[in-house]
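**Q** Contents of data.pdb (PDB, C-alpha atoms) are below:
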```
ATOM      1  CA  MET A1369     -30.783  61.332  96.889
ATOM      2  CA  SER A1370     -28.777  64.361  97.804
ATOM      3  CA  ALA A1371     -25.689  64.300  99.893
ATOM      4  CA  ALA A1372     -27.500  66.225 102.604
ATOM      5  CA  MET A1373     -30.060  63.477 102.802
ATOM      6  CA  ALA A1374     -27.376  60.849 103.214
ATOM      7  CA  ALA A1375     -25.667  62.877 105.899
ATOM      8  CA  HIS A1376     -28.770  63.424 108.015
ATOM      9  CA  LEU A1377     -28.217  62.007 111.516
ATOM     10  CA  SER A1378     -24.751  60.778 110.612
ATOM     11  CA  VAL A1379     -21.940  61.244 113.118
ATOM     12  CA  VAL A1380     -18.199  60.948 113.039
ATOM     13  CA  THR A1381     -17.117  57.442 113.976
ATOM     14  CA  ALA A1382     -16.295  57.235 117.626
ATOM     15  CA  GLN A1383     -12.716  56.745 118.737
ATOM     16  CA  SER A1384     -13.142  56.687 122.463
ATOM     17  CA  SER A1385     -10.151  57.684 124.514
ATOM     18  CA  SER A1386     -11.447  56.208 127.742
ATOM     19  CA  LEU A1387     -14.200  54.042 129.113
ATOM     20  CA  SER A1388     -15.999  57.028 130.594
ATOM     21  CA  SER A1389     -16.140  58.871 127.277
ATOM     22  CA  ALA A1390     -17.311  55.705 125.587
ATOM     23  CA  ARG A1391     -19.958  55.336 128.251
ATOM     24  CA  GLN A1392     -21.135  58.870 127.568
ATOM     25  CA  SER A1393     -21.415  58.191 123.854
ATOM     26  CA  VAL A1394     -23.395  55.057 124.546
ATOM     27  CA  ILE A1395     -25.760  56.903 126.835
ATOM     28  CA  HIS A1396     -26.253  59.636 124.227
ATOM     29  CA  LEU A1397     -27.130  56.949 121.686
ATOM     30  CA  TYR A1398     -29.506  55.298 124.111
ATOM     31  CA  ARG A1399     -31.242  58.566 124.782
ATOM     32  CA  ASP A1400     -31.523  59.298 121.076
ATOM     33  CA  PHE A1401     -33.173  55.961 120.560
ATOM     34  CA  GLN A1402     -35.608  56.391 123.392
ATOM     35  CA  ARG A1403     -36.494  59.902 122.298
ATOM     36  CA  GLY A1404     -37.095  58.685 118.803
ATOM     37  CA  VAL A1405     -39.571  55.956 119.722
ATOM     38  CA  PRO A1406     -42.737  58.029 119.017
ATOM     39  CA  GLU A1407     -41.340  58.976 115.645
ATOM     40  CA  ILE A1408     -40.491  55.346 114.923
ATOM     41  CA  MET A1409     -44.048  54.346 115.685
ATOM     42  CA  ARG A1410     -45.427  57.137 113.513
ATOM     43  CA  THR A1411     -43.072  56.536 110.600
ATOM     44  CA  HIS A1412     -43.061  52.767 110.412
ATOM     45  CA  GLN A1413     -46.600  52.115 111.644
ATOM     46  CA  VAL A1414     -45.688  49.008 113.552
ATOM     47  CA  ASP A1415     -48.402  47.509 115.734
ATOM     48  CA  ILE A1416     -46.159  47.235 118.753
ATOM     49  CA  PRO A1417     -46.873  49.213 121.913
ATOM     50  CA  MET A1418     -44.393  51.867 122.886
ATOM     51  CA  SER A1419     -43.427  50.064 126.036
ATOM     52  CA  MET A1420     -42.343  47.029 124.077
ATOM     53  CA  ILE A1421     -40.179  49.077 121.757
ATOM     54  CA  ARG A1422     -38.550  50.815 124.707
ATOM     55  CA  THR A1423     -37.955  47.494 126.390
ATOM     56  CA  LYS A1424     -36.440  46.091 123.241
ATOM     57  CA  ILE A1425     -34.053  49.037 122.965
ATOM     58  CA  ARG A1426     -33.050  48.504 126.566
ATOM     59  CA  GLU A1427     -32.557  44.812 125.930
ATOM     60  CA  GLU A1428     -30.268  45.451 122.983
ATOM     61  CA  PHE A1429     -28.139  47.795 125.009
ATOM     62  CA  GLU A1430     -28.055  45.487 128.013
ATOM     63  CA  ARG A1431     -26.724  42.673 125.888
ATOM     64  CA  HIS A1432     -23.330  44.323 125.647
ATOM     65  CA  ARG A1433     -23.276  45.840 129.072
ATOM     66  CA  ASP A1434     -20.109  44.110 130.197
ATOM     67  CA  VAL A1435     -17.942  44.941 127.215
ATOM     68  CA  LYS A1436     -14.747  46.588 128.396
ATOM     69  CA  ASP A1437     -12.629  46.636 125.242
ATOM     70  CA  LEU A1438     -12.637  50.150 123.778
ATOM     71  CA  ALA A1439     -12.243  49.011 120.196
ATOM     72  CA  VAL A1440     -15.213  46.695 120.525
ATOM     73  CA  ILE A1441     -17.268  49.449 122.141
ATOM     74  CA  ASP A1442     -16.420  51.767 119.271
ATOM     75  CA  ILE A1443     -17.579  49.241 116.738
ATOM     76  CA  LEU A1444     -20.763  48.636 118.673
ATOM     77  CA  LEU A1445     -21.316  52.384 118.827
ATOM     78  CA  PHE A1446     -20.841  52.611 115.109
ATOM     79  CA  LYS A1447     -23.339  49.844 114.521
ATOM     80  CA  GLY A1448     -25.792  51.427 116.904
ATOM     81  CA  ARG A1449     -25.495  54.793 115.218
ATOM     82  CA  GLN A1450     -25.972  53.116 111.887
ATOM     83  CA  GLU A1451     -29.136  51.436 113.098
ATOM     84  CA  TYR A1452     -30.385  54.715 114.493
ATOM     85  CA  GLN A1453     -29.756  56.596 111.276
ATOM     86  CA  GLU A1454     -31.362  53.920 109.162
ATOM     87  CA  THR A1455     -34.402  53.719 111.385
ATOM     88  CA  MET A1456     -35.031  57.423 111.739
ATOM     89  CA  ASN A1457     -34.418  58.164 108.078
ATOM     90  CA  ALA A1458     -36.875  55.439 107.069
ATOM     91  CA  TRP A1459     -34.241  53.612 105.111
ATOM     92  CA  LYS A1460     -35.446  50.602 107.031
ATOM     93  CA  GLN A1461     -38.956  49.360 106.490
ATOM     94  CA  GLU A1462     -41.481  47.879 108.838
ATOM     95  CA  THR A1463     -40.132  44.403 108.269
ATOM     96  CA  HIS A1464     -36.698  45.405 109.510
ATOM     97  CA  ILE A1465     -38.203  46.812 112.674
ATOM     98  CA  MET A1466     -40.190  43.623 113.203
ATOM     99  CA  ARG A1467     -37.039  41.551 112.920
ATOM    100  CA  TYR A1468     -36.036  42.720 116.363
ATOM    101  CA  PHE A1469     -39.158  41.074 117.738
ATOM    102  CA  ILE A1470     -39.155  37.909 115.690
ATOM    103  CA  LYS A1471     -37.566  35.739 118.348
ATOM    104  CA  ASP A1472     -40.169  36.781 120.879
ATOM    105  CA  ASP A1473     -43.022  35.823 118.579
ATOM    106  CA  ALA A1474     -41.590  32.654 117.118
ATOM    107  CA  PRO A1475     -43.661  29.527 117.721
ATOM    108  CA  PRO A1476     -42.125  27.126 120.223
ATOM    109  CA  LYS A1477     -39.776  24.622 118.712
ATOM    110  CA  PRO A1478     -41.039  21.045 118.638
ATOM    111  CA  GLN A1479     -39.755  19.001 121.506
ATOM    112  CA  GLY A1480     -39.807  15.296 121.982
ATOM    113  CA  PHE A1481     -39.851  12.692 119.285
ATOM    114  CA  LEU A1482     -43.493  12.827 118.248
ATOM    115  CA  GLU A1483     -43.697  16.570 117.829
ATOM    116  CA  LYS A1484     -40.567  16.613 115.744
ATOM    117  CA  PHE A1485     -41.810  13.726 113.686
ATOM    118  CA  LEU A1486     -45.102  15.427 112.974
ATOM    119  CA  ALA A1487     -43.310  18.652 112.061
ATOM    120  CA  GLY A1488     -41.043  16.724 109.739
ATOM    121  CA  ARG A1489     -37.910  17.963 111.452
ATOM    122  CA  ASP A1490     -34.854  16.344 112.894
TER     123      ASP A1490
ATOM    124  CA  MET B 937      -9.277  37.073 100.411
ATOM    125  CA  SER B 938      -8.690  33.914 102.360
ATOM    126  CA  ALA B 939      -9.391  33.789 106.047
ATOM    127  CA  SER B 940      -5.794  32.891 106.798
ATOM    128  CA  LEU B 941      -4.606  36.139 105.257
ATOM    129  CA  LEU B 942      -7.058  38.108 107.301
ATOM    130  CA  VAL B 943      -5.969  36.308 110.430
ATOM    131  CA  LYS B 944      -2.312  36.890 109.717
ATOM    132  CA  GLN B 945      -2.851  40.607 109.835
ATOM    133  CA  ALA B 946      -4.190  40.309 113.361
ATOM    134  CA  ILE B 947      -1.922  37.628 114.730
ATOM    135  CA  ARG B 948       0.780  38.447 117.205
ATOM    136  CA  ALA B 949       4.232  37.038 117.441
ATOM    137  CA  THR B 950       3.793  35.764 120.992
ATOM    138  CA  PRO B 951       3.163  32.067 121.445
ATOM    139  CA  LEU B 952      -0.474  31.205 121.419
ATOM    140  CA  MET B 953      -2.745  29.361 123.772
ATOM    141  CA  ALA B 954      -6.369  28.567 123.917
ATOM    142  CA  SER B 955      -7.943  28.976 127.269
ATOM    143  CA  PHE B 956      -7.515  32.605 128.381
ATOM    144  CA  ARG B 957      -9.984  35.151 127.094
ATOM    145  CA  PRO B 958     -10.532  38.725 128.340
ATOM    146  CA  ALA B 959     -13.718  39.587 130.143
ATOM    147  CA  THR B 960     -15.395  41.199 127.168
ATOM    148  CA  THR B 961     -18.149  38.696 126.541
ATOM    149  CA  SER B 962     -21.280  39.347 128.474
ATOM    150  CA  ALA B 963     -23.396  36.269 128.815
ATOM    151  CA  ILE B 964     -21.591  33.048 128.106
ATOM    152  CA  ARG B 965     -17.888  32.465 127.996
ATOM    153  CA  PHE B 966     -16.339  29.248 126.798
ATOM    154  CA  ASN B 967     -12.817  28.129 127.317
ATOM    155  CA  SER B 968     -11.592  26.668 124.103
ATOM    156  CA  THR B 969     -10.345  23.158 124.740
ATOM    157  CA  SER B 970      -7.263  22.032 122.964
ATOM    158  CA  THR B 971      -5.432  18.795 123.196
ATOM    159  CA  SER B 972      -1.874  19.916 122.927
ATOM    160  CA  VAL B 973      -1.388  23.704 123.150
ATOM    161  CA  THR B 974       0.000  24.698 126.518
ATOM    162  CA  GLU B 975       1.539  28.171 126.319
ATOM    163  CA  THR B 976      -0.305  31.283 127.494
ATOM    164  CA  ARG B 977      -0.963  34.204 125.227
ATOM    165  CA  GLU B 978      -2.204  37.720 125.420
ATOM    166  CA  PRO B 979      -5.742  38.355 124.265
ATOM    167  CA  VAL B 980      -6.150  39.409 120.660
ATOM    168  CA  ALA B 981      -6.627  43.074 119.941
ATOM    169  CA  LEU B 982     -10.256  42.813 118.982
ATOM    170  CA  GLN B 983     -12.602  40.005 119.906
ATOM    171  CA  ALA B 984     -14.808  39.594 116.889
ATOM    172  CA  GLU B 985     -17.328  37.388 118.651
ATOM    173  CA  ILE B 986     -19.239  40.429 119.891
ATOM    174  CA  VAL B 987     -19.300  42.486 116.726
ATOM    175  CA  SER B 988     -19.354  39.791 114.071
ATOM    176  CA  GLY B 989     -23.136  39.710 114.011
ATOM    177  CA  ALA B 990     -23.168  35.934 114.274
ATOM    178  CA  PRO B 991     -25.959  34.448 116.398
ATOM    179  CA  GLU B 992     -25.039  33.716 119.964
ATOM    180  CA  GLU B 993     -25.889  30.036 119.659
ATOM    181  CA  ILE B 994     -22.831  29.570 117.511
ATOM    182  CA  ARG B 995     -20.626  29.759 120.600
ATOM    183  CA  MET B 996     -22.057  26.479 121.768
ATOM    184  CA  GLN B 997     -21.296  24.575 118.617
ATOM    185  CA  PRO B 998     -17.966  22.800 118.896
ATOM    186  CA  CYS B 999     -15.586  22.934 116.009
ATOM    187  CA  ARG B1000     -12.455  21.031 115.205
ATOM    188  CA  ILE B1001      -9.072  22.197 113.956
ATOM    189  CA  PHE B1002      -7.276  19.393 112.242
ATOM    190  CA  LYS B1003      -5.162  18.304 109.350
ATOM    191  CA  GLN B1004      -6.691  15.985 106.841
ATOM    192  CA  SER B1005      -5.030  12.605 106.871
ATOM    193  CA  LYS B1006      -3.443  11.139 103.802
ATOM    194  CA  ALA B1007      -5.564   8.742 101.797
ATOM    195  CA  SER B1008      -4.381   5.384 102.982
ATOM    196  CA  THR B1009      -5.137   3.784  99.674
ATOM    197  CA  GLN B1010      -2.666   6.009  97.851
ATOM    198  CA  SER B1011       0.775   7.380  98.445
ATOM    199  CA  GLY B1012      -0.187  10.887  97.378
ATOM    200  CA  ILE B1013      -0.319  13.626 100.060
ATOM    201  CA  THR B1014      -2.778  16.044  98.498
ATOM    202  CA  ASN B1015      -4.811  18.181 100.930
ATOM    203  CA  THR B1016      -2.665  17.156 103.881
ATOM    204  CA  GLY B1017      -0.706  20.385 104.099
ATOM    205  CA  VAL B1018      -3.422  22.814 105.166
ATOM    206  CA  TRP B1019      -5.065  23.069 108.560
ATOM    207  CA  ARG B1020      -8.805  22.848 108.444
ATOM    208  CA  LEU B1021     -11.546  24.194 110.635
ATOM    209  CA  ASP B1022     -14.790  22.297 110.533
ATOM    210  CA  PHE B1023     -17.903  22.243 112.658
ATOM    211  CA  ASP B1024     -19.034  18.948 114.083
ATOM    212  CA  THR B1025     -22.227  17.479 112.691
ATOM    213  CA  GLN B1026     -25.005  18.138 115.135
ATOM    214  CA  LEU B1027     -27.317  15.402 116.245
ATOM    215  CA  GLN B1028     -30.344  17.688 116.304
ATOM    216  CA  ALA B1029     -29.540  19.909 113.367
ATOM    217  CA  GLY B1030     -33.095  20.560 112.314
ATOM    218  CA  ARG B1031     -32.931  18.512 109.168
ATOM    219  CA  PHE B1032     -36.091  18.636 107.144
ATOM    220  CA  GLU B1033     -37.369  17.976 103.681
ATOM    221  CA  ASN B1034     -37.865  20.959 101.435
ATOM    222  CA  GLU B1035     -41.575  21.429 100.825
ATOM    223  CA  LEU B1036     -41.337  22.284  97.178
ATOM    224  CA  ILE B1037     -38.811  19.912  95.724
ATOM    225  CA  GLY B1038     -38.081  17.557  98.564
ATOM    226  CA  TRP B1039     -34.433  18.477  98.996
ATOM    227  CA  ALA B1040     -32.717  17.377 102.163
ATOM    228  CA  SER B1041     -32.332  20.660 104.038
ATOM    229  CA  SER B1042     -30.911  21.623 107.379
ATOM    230  CA  SER B1043     -31.282  24.551 109.717
ATOM    231  CA  ASP B1044     -27.654  24.258 110.762
ATOM    232  CA  TYR B1045     -25.932  27.131 109.037
ATOM    233  CA  MET B1046     -22.428  25.995 109.881
ATOM    234  CA  GLN B1047     -22.610  22.516 108.487
ATOM    235  CA  ALA B1048     -21.126  23.420 105.138
ATOM    236  CA  LEU B1049     -18.396  25.731 106.421
ATOM    237  CA  GLN B1050     -14.881  24.508 105.794
ATOM    238  CA  MET B1051     -11.995  26.834 106.411
ATOM    239  CA  LYS B1052      -8.391  26.321 105.497
ATOM    240  CA  PHE B1053      -5.406  27.817 107.257
ATOM    241  CA  ILE B1054      -1.725  27.653 106.557
ATOM    242  CA  SER B1055      -0.732  27.070 110.155
ATOM    243  CA  LYS B1056      -2.316  25.770 113.331
ATOM    244  CA  GLU B1057      -1.759  29.062 115.118
ATOM    245  CA  ASP B1058      -3.725  30.899 112.443
ATOM    246  CA  ALA B1059      -6.649  28.570 112.886
ATOM    247  CA  ILE B1060      -6.558  28.815 116.658
ATOM    248  CA  ALA B1061      -6.370  32.592 116.538
ATOM    249  CA  PHE B1062      -9.307  32.772 114.192
ATOM    250  CA  ALA B1063     -11.500  30.444 116.208
ATOM    251  CA  ASP B1064     -10.561  32.217 119.411
ATOM    252  CA  LYS B1065     -11.304  35.590 117.908
ATOM    253  CA  GLN B1066     -14.705  34.433 116.777
ATOM    254  CA  GLY B1067     -15.430  32.931 120.170
ATOM    255  CA  TRP B1068     -15.986  29.419 118.877
ATOM    256  CA  GLU B1069     -15.497  26.403 121.034
ATOM    257  CA  PHE B1070     -12.712  24.504 119.330
ATOM    258  CA  THR B1071     -10.538  21.469 119.784
ATOM    259  CA  VAL B1072      -7.195  20.983 118.134
ATOM    260  CA  GLN B1073      -6.573  17.541 116.763
ATOM    261  CA  GLU B1074      -2.893  16.916 116.175
ATOM    262  CA  PRO B1075      -2.173  14.950 113.017
ATOM    263  CA  ASN B1076      -0.823  11.447 113.294
ATOM    264  CA  GLN B1077       2.835  11.558 112.497
ATOM    265  CA  LYS B1078       3.790   8.564 110.517
ATOM    266  CA  ILE B1079       6.981   7.043 111.823
ATOM    267  CA  VAL B1080       9.031   6.270 108.781
ATOM    268  CA  LYS B1081      11.413   3.462 109.534
ATOM    269  CA  LYS B1082      14.459   3.549 107.376
ATOM    270  CA  LYS B1083      14.925   0.385 105.435
ATOM    271  CA  VAL B1084      18.310  -0.410 103.998
ATOM    272  CA  TYR B1085      18.931  -3.422 101.857
ATOM    273  CA  ALA B1086      22.327  -3.949 103.420
ATOM    274  CA  ASP B1087      20.644  -4.808 106.716
ATOM    275  CA  ASN B1088      19.700  -8.149 105.279
ATOM    276  CA  PHE B1089      23.375  -9.114 105.273
ATOM    277  CA  LYS B1090      24.418  -7.544 108.555
ATOM    278  CA  TYR B1091      26.250  -9.549 111.174
ATOM    279  CA  SER B1092      24.101 -10.475 114.116
ATOM    280  CA  PRO B1093      25.261 -12.332 117.281
ATOM    281  CA  LYS B1094      21.702 -13.492 117.904
ATOM    282  CA  LYS B1095      19.477 -15.277 115.485
ATOM    283  CA  LEU B1096      19.788 -14.057 111.961
ATOM    284  CA  ARG B1097      16.944 -11.990 110.602
ATOM    285  CA  PHE B1098      17.006 -13.849 107.372
ATOM    286  CA  VAL B1099      18.561 -17.208 106.919
ATOM    287  CA  LYS B1100      20.135 -17.409 103.537
ATOM    288  CA  THR B1101      20.848 -20.949 102.723
ATOM    289  CA  LYS B1102      21.592 -20.442  99.099
TER     290      LYS B1102
END
```
Mind turning this structure into structure tokens?

**A**
Amino acid sequence: MSAAMAAHLSVVTAQSSSLSSARQSVIHLYRDFQRGVPEIMRTHQVDIPMSMIRTKIREEFERHRDVKDLAVIDILLFKGRQEYQETMNAWKQETHIMRYFIKDDAPPKPQGFLEKFLAGRD
Amino acid sequence: MSASLLVKQAIRATPLMASFRPATTSAIRFNSTSTSVTETREPVALQAEIVSGAPEEIRMQPCRIFKQSKASTQSGITNTGVWRLDFDTQLQAGRFENELIGWASSSDYMQALQMKFISKEDAIAFADKQGWEFTVQEPNQKIVKKKVYADNFKYSPKKLRFVKTK
């Protein structure tokens, strides 16, 4: 593992001076993700349609839409960049990609007394 | 490194309060309920609830900040000095029996968490920073009544406390 390999797709940690510059960085990251979706599908060979991956990326970004604190945004940017680097460099495997979708595919939790009793759960 | 040390690095000198939080959380915002803290405070520098990576459901689990009471059966005061943070036991905690061995398991990941803090403000700051819904339980202050042997012999215009006939 050369140093060049470790540095591929790495960026300097963001220290946003204003909300608008932070917003720009976030949009750049979002675009990088969306542009990289075909490569993700080719590299990781996940059986998820492209539209679902794009929707999932959008969902992850929408989750923190209302964050206004610059320090928090910088940390989120760092984490996002980290995820991007790990995904595009194939440091993540298919299972890590699937973890984003696990909550969508999880079986419904047992509800009501009888279902919980039969499942052996509280 | 203990959590209290980490919190002390972030704590401010201004008096602390529970219920104000800046508008940084997106979906759900909970006002931490406390029984006795009344002053207002500025928001902490960095709300860790967004970046901590903890699942969002944790914001709905109430936790308690309290001081352990002294064992009433003994006069020792061990463990009563620190402030503790503990999550309430959930009614529906997803308890199940382990399939292999039969161990009593639970899907509640906070049930075994016990944190200790040196002061109440540290605990409040930590819980607030993490976005947990907390209550502060003030410890019962034992009222120590001074007993003096000479009081047995004090003059009293009313009925005597003890009647010494000997």

**Q** Could you tell me, as a PyMOL selection string, which residues have any atom at most 7 Å from (-32.2, 48.1, 128.5), counting all atoms listed in the file?

**A** chain A and resi 1423+1425-1430

**Q** Would you translate the PyMOL selection byres ((chain A and resi 1442) around 8) into the concrete set of residues it matches in this file, as a list in words?

**A**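 When the PyMOL selection byres ((chain A and resi 1442) around 8) is applied, the selected residues are Thr1381, Ala1382, Gln1383, Ser1384, Ala1390, Leu1438, Ala1439, Val1440, Ile1441, Ile1443, Leu1444, Leu1445 and Phe1446 of chain A.
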
**Q** Per residue of chain A within 8 Å of chain B, what are the shortest atom pair and its distance in Å to one decimal, counting all atoms listed in the file, with rows by chain and residue number, as JSON lines?

**A**
```
{"residue": "A:Arg1431", "atom": "CA", "partner": "B:Ser962", "partner_atom": "CA", "distance": 6.9}
{"residue": "A:His1432", "atom": "CA", "partner": "B:Ser962", "partner_atom": "CA", "distance": 6.1}
{"residue": "A:Arg1433", "atom": "CA", "partner": "B:Ser962", "partner_atom": "CA", "distance": 6.8}
{"residue": "A:Asp1434", "atom": "CA", "partner": "B:Ser962", "partner_atom": "CA", "distance": 5.2}
{"residue": "A:Val1435", "atom": "CA", "partner": "B:Thr960", "partner_atom": "CA", "distance": 4.5}
{"residue": "A:Lys1436", "atom": "CA", "partner": "B:Thr960", "partner_atom": "CA", "distance": 5.6}
{"residue": "A:Asp1437", "atom": "CA", "partner": "B:Thr960", "partner_atom": "CA", "distance": 6.4}
{"residue": "A:Ala1439", "atom": "CA", "partner": "B:Leu982", "partner_atom": "CA", "distance": 6.6}
{"residue": "A:Val1440", "atom": "CA", "partner": "B:Leu982", "partner_atom": "CA", "distance": 6.5}
{"residue": "A:Ile1443", "atom": "CA", "partner": "B:Val987", "partner_atom": "CA", "distance": 7.0}
{"residue": "A:Leu1444", "atom": "CA", "partner": "B:Val987", "partner_atom": "CA", "distance": 6.6}
{"residue": "A:Gly1488", "atom": "CA", "partner": "B:Phe1032", "partner_atom": "CA", "distance": 5.9}
{"residue": "A:Arg1489", "atom": "CA", "partner": "B:Phe1032", "partner_atom": "CA", "distance": 4.7}
{"residue": "A:Asp1490", "atom": "CA", "partner": "B:Gly1030", "partner_atom": "CA", "distance": 4.6}
```

**Q** With C-alpha atoms retained, export the selected residues as a PDB file, in the frame of the given file.

**A**
```pdb
ATOM      1  CA  ARG A1431     -26.724  42.673 125.888  1.00  0.00           C
ATOM      2  CA  HIS A1432     -23.330  44.323 125.647  1.00  0.00           C
ATOM      3  CA  ARG A1433     -23.276  45.840 129.072  1.00  0.00           C
ATOM      4  CA  ASP A1434     -20.109  44.110 130.197  1.00  0.00           C
ATOM      5  CA  VAL A1435     -17.942  44.941 127.215  1.00  0.00           C
ATOM      6  CA  LYS A1436     -14.747  46.588 128.396  1.00  0.00           C
ATOM      7  CA  ASP A1437     -12.629  46.636 125.242  1.00  0.00           C
ATOM      8  CA  ALA A1439     -12.243  49.011 120.196  1.00  0.00           C
ATOM      9  CA  VAL A1440     -15.213  46.695 120.525  1.00  0.00           C
ATOM     10  CA  ILE A1443     -17.579  49.241 116.738  1.00  0.00           C
ATOM     11  CA  LEU A1444     -20.763  48.636 118.673  1.00  0.00           C
ATOM     12  CA  GLY A1488     -41.043  16.724 109.739  1.00  0.00           C
ATOM     13  CA  ARG A1489     -37.910  17.963 111.452  1.00  0.00           C
ATOM     14  CA  ASP A1490     -34.854  16.344 112.894  1.00  0.00           C
TER      15      ASP A1490
END
```

**Q** How many Å separate CA of Thr1411 in chain A from CA of Ala1458 in chain A?

**A**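 CA of Thr1411 in chain A sits 7.2 Å away from CA of Ala1458 in chain A.
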
**Q** Starting from the shown file, work through the PyMOL selection byres ((chain B and resi 1069) around 7) and note down what comes out as a short mmCIF file (atom, residue, chain, number, x, y, z; two decimals) with C-alpha atoms, in the coordinates of the input.

**A**
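Output saved as expr-v5.cif:
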```
data_model
loop_
_atom_site.label_atom_id
_atom_site.label_comp_id
_atom_site.auth_asym_id
_atom_site.auth_seq_id
_atom_site.Cartn_x
_atom_site.Cartn_y
_atom_site.Cartn_z
CA PHE B 966 -16.34 29.25 126.80
CA SER B 968 -11.59 26.67 124.10
CA ARG B 995 -20.63 29.76 120.60
CA MET B 996 -22.06 26.48 121.77
CA GLN B 997 -21.30 24.58 118.62
CA PRO B 998 -17.97 22.80 118.90
CA CYS B 999 -15.59 22.93 116.01
CA GLY B 1067 -15.43 32.93 120.17
CA TRP B 1068 -15.99 29.42 118.88
CA PHE B 1070 -12.71 24.50 119.33
#
```

**Q** Just so the selection is clear, what residues does the PyMOL selection byres ((chain B and resi 1075-1078) around 8) cover here, as a VMD selection string?

**A** chain B and resid 1002 to 1005 1073 to 1074 1079 to 1080

**Q** What is the distance between CA of Ile1421 in chain A and CA of Val1405 in chain A, in Å to one decimal?

**A**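 Taking CA of Ile1421 in chain A as the start and CA of Val1405 in chain A as the end point, the length is 7.2 Å.
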
**Q** What does the distance from CA of Lys1424 in chain A to CA of Leu1377 in chain A come to in Å, to one decimal?

**A**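 Calculated distance between CA of Lys1424 in chain A and CA of Leu1377 in chain A is 21.4 Å.
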
**Q** Would you pick out the contacts of range 1467-1475 of chain A at 12 Å or less, using all atoms listed in the file, so that residues sharing its chain but fewer than 2 positions from it are not included, and give the list as a PyMOL selection string?

**A** (chain A and resi 1414-1417+1420-1425+1427-1428+1451+1460-1465+1477-1479) or (chain B and resi 991)
